[in-house]
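Input: a single structure, listed below in structure tokens.
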Amino acid sequence: MRALVVGGTGLIGGAVAAALEERGHEVLRAGLGEGDVPIDFDDPASIRDAYEECGALDAVVSAAGIAVFGPLEELDDEAFMKSFANKTMGQINLVRFGLGTVKEGGSFTLTTGTLSQRPTPGTPAVAMAGGAVESFVRAAALDVEGRYRVNAISPAWVAESRVDAGLDPLPGI
């Protein structure tokens, strides 16, 4: 299998890429100016360019996307727009622009996170972005049924990410 892992230079995406490589799959790692292929979710053209550079793929995994944390009272329009434009539209565009480059029978796996299902204080923009991705996945899977698989995963907080956010590493995984 030939897979593109967006965020493949990061913590979760790097672990996904390594697991696929350990199983003998060819993995192209994509990130912001890093890895085998540059992708910037803020620039839809970079997603199209990445697909052109990669050629035929069997799978795309996204472990990327920026969403803004903060209490509702402190989040402005820009925080919500950044969250939606990057985490939501970036992943949606991976599917939209990947149709035809990913071989029929292939898969798209997008990442939402548990906050879309179980939000905590300070996460309205993050929960919104992940919830929108989940809704997109349910609808898109119906439209491409029989040709592609479109899935979403919602990993729990990773201990290292919690530390980076200034939180106690537990209950991270």
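Numbering starts fresh at 1 for the residues of each chain in the structure tokens, the chains themselves are lettered A, B, ... in the order given, and ligands are numbered from 1 as they appear.
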Do a neighbour search on Ile12 of chain A at 10 Å with only C-alpha atoms, toss out local chain neighbours closer than 3 positions, and write the hits as a count of residues only. 14
Which parts of segment 66-131 of chain A does DSSP call strand (DSSP E) when run on the backbone here, written out as a ChimeraX atom specification? /A:102-111
Nearest residue to Lys103 of chain A from the set A:Leu167, A:Ala79, A:Ala3, A:Ile153 (distances using only C-alpha atoms):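 Looking at the shortest contact to Lys103 of chain A, the residue is A:Ala3.
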Within 12 Å of Thr123 of chain A using only C-alpha atoms, minus same-chain residues under 3 positions, as a PyMOL selection string: chain A and resi 67-75+79-80+83+113-120+126-131
Taking only C-alpha atoms into account, produce a table as a Markdown table in which each residue of segment 67-143 of chain A with an atom at most 8 Å from an atom of segment 25-42 of chain A appears once, together with its shortest atom pair and the distance in Å to one decimal, ordered by chain and rising number.
| residue | atom | partner | partner_atom | distance |
| --- | --- | --- | --- | --- |
| A:Ala85 | CA | A:Asp42 | CA | 6.8 |
| A:Asn86 | CA | A:Phe41 | CA | 5.3 |
| A:Lys87 | CA | A:Phe41 | CA | 7.5 |
| A:Met89 | CA | A:Phe41 | CA | 7.6 |
| A:Gly90 | CA | A:Phe41 | CA | 4.5 |
| A:Gln91 | CA | A:Phe41 | CA | 7.6 |
Written file, previous selection with all heavy atoms, as a tab-separated table (two decimals), in the first residue's frame:
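File produced: selection.tsv:
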chain	number	residue	atom	x	y	z
A	85	ALA	N	-11.22	26.98	8.89
A	85	ALA	CA	-10.48	26.99	7.63
A	85	ALA	C	-9.35	25.96	7.63
A	85	ALA	O	-9.12	25.29	6.63
A	85	ALA	CB	-9.90	28.39	7.37
A	86	ASN	N	-8.67	25.79	8.75
A	86	ASN	CA	-7.52	24.90	8.77
A	86	ASN	C	-7.93	23.47	9.09
A	86	ASN	O	-7.81	22.58	8.25
A	86	ASN	CB	-6.48	25.42	9.76
A	86	ASN	CG	-5.15	24.73	9.61
A	86	ASN	OD1	-5.01	23.57	10.00
A	86	ASN	ND2	-4.17	25.41	9.04
A	87	LYS	N	-8.41	23.21	10.30
A	87	LYS	CA	-8.70	21.82	10.71
A	87	LYS	C	-9.84	21.21	9.92
A	87	LYS	O	-9.78	20.04	9.53
A	87	LYS	CB	-9.01	21.74	12.20
A	87	LYS	CG	-9.29	20.31	12.65
A	87	LYS	CD	-9.00	20.11	14.10
A	87	LYS	CE	-9.24	18.68	14.54
A	87	LYS	NZ	-8.14	17.79	14.21
A	89	MET	N	-11.68	22.62	6.83
A	89	MET	CA	-11.56	22.68	5.37
A	89	MET	C	-10.28	22.03	4.86
A	89	MET	O	-10.27	21.44	3.78
A	89	MET	CB	-11.65	24.13	4.87
A	89	MET	CG	-13.07	24.67	4.88
A	89	MET	SD	-14.30	23.63	4.03
A	89	MET	CE	-13.66	23.55	2.35
A	90	GLY	N	-9.21	22.09	5.63
A	90	GLY	CA	-7.98	21.40	5.21
A	90	GLY	C	-8.21	19.92	5.01
A	90	GLY	O	-7.81	19.33	4.00
A	91	GLN	N	-8.91	19.30	5.96
A	91	GLN	CA	-9.18	17.86	5.86
A	91	GLN	C	-10.24	17.56	4.80
A	91	GLN	O	-10.14	16.57	4.07
A	91	GLN	CB	-9.58	17.29	7.21
A	91	GLN	CG	-8.42	17.34	8.21
A	91	GLN	CD	-8.72	16.57	9.45
A	91	GLN	OE1	-8.35	15.40	9.54
A	91	GLN	NE2	-9.40	17.18	10.41
Compile the contact shell of segment 135-151 of chain A as a list in words: residues with an atom at most 7 Å away, counting only C-alpha atoms, same-chain residues fewer than 3 positions apart removed. Glu104, Gly105, Gly106, Ser107, Phe108, Thr109, Leu110, Gly131 and Ala132 of chain A
Straight-line distance linking atom CA of Val102 of chain A with atom CA of Glu21 of chain A, stated in Å to one decimal: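 Value for the atom CA of Val102 of chain A-atom CA of Glu21 of chain A distance: 18.5 Å.
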Here atom CA of Leu170 of chain A and atom CA of Val5 of chain A stand apart by 26.9 Å
Please run DSSP on the backbone and report, as a VMD selection string, all residues within segment 3-157 of chain A that come out as alpha helix (DSSP H). chain A and resid 11 to 22 44 to 54 77 to 83 89 to 98 124 to 143
Option closest in space to Gly98 of chain A, from A:Cys54, A:Leu20, A:Ala125, A:Val133 [counting only C-alpha atoms]: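 Residue with the minimum atom-to-atom distance to Gly98 of chain A: A:Cys54.
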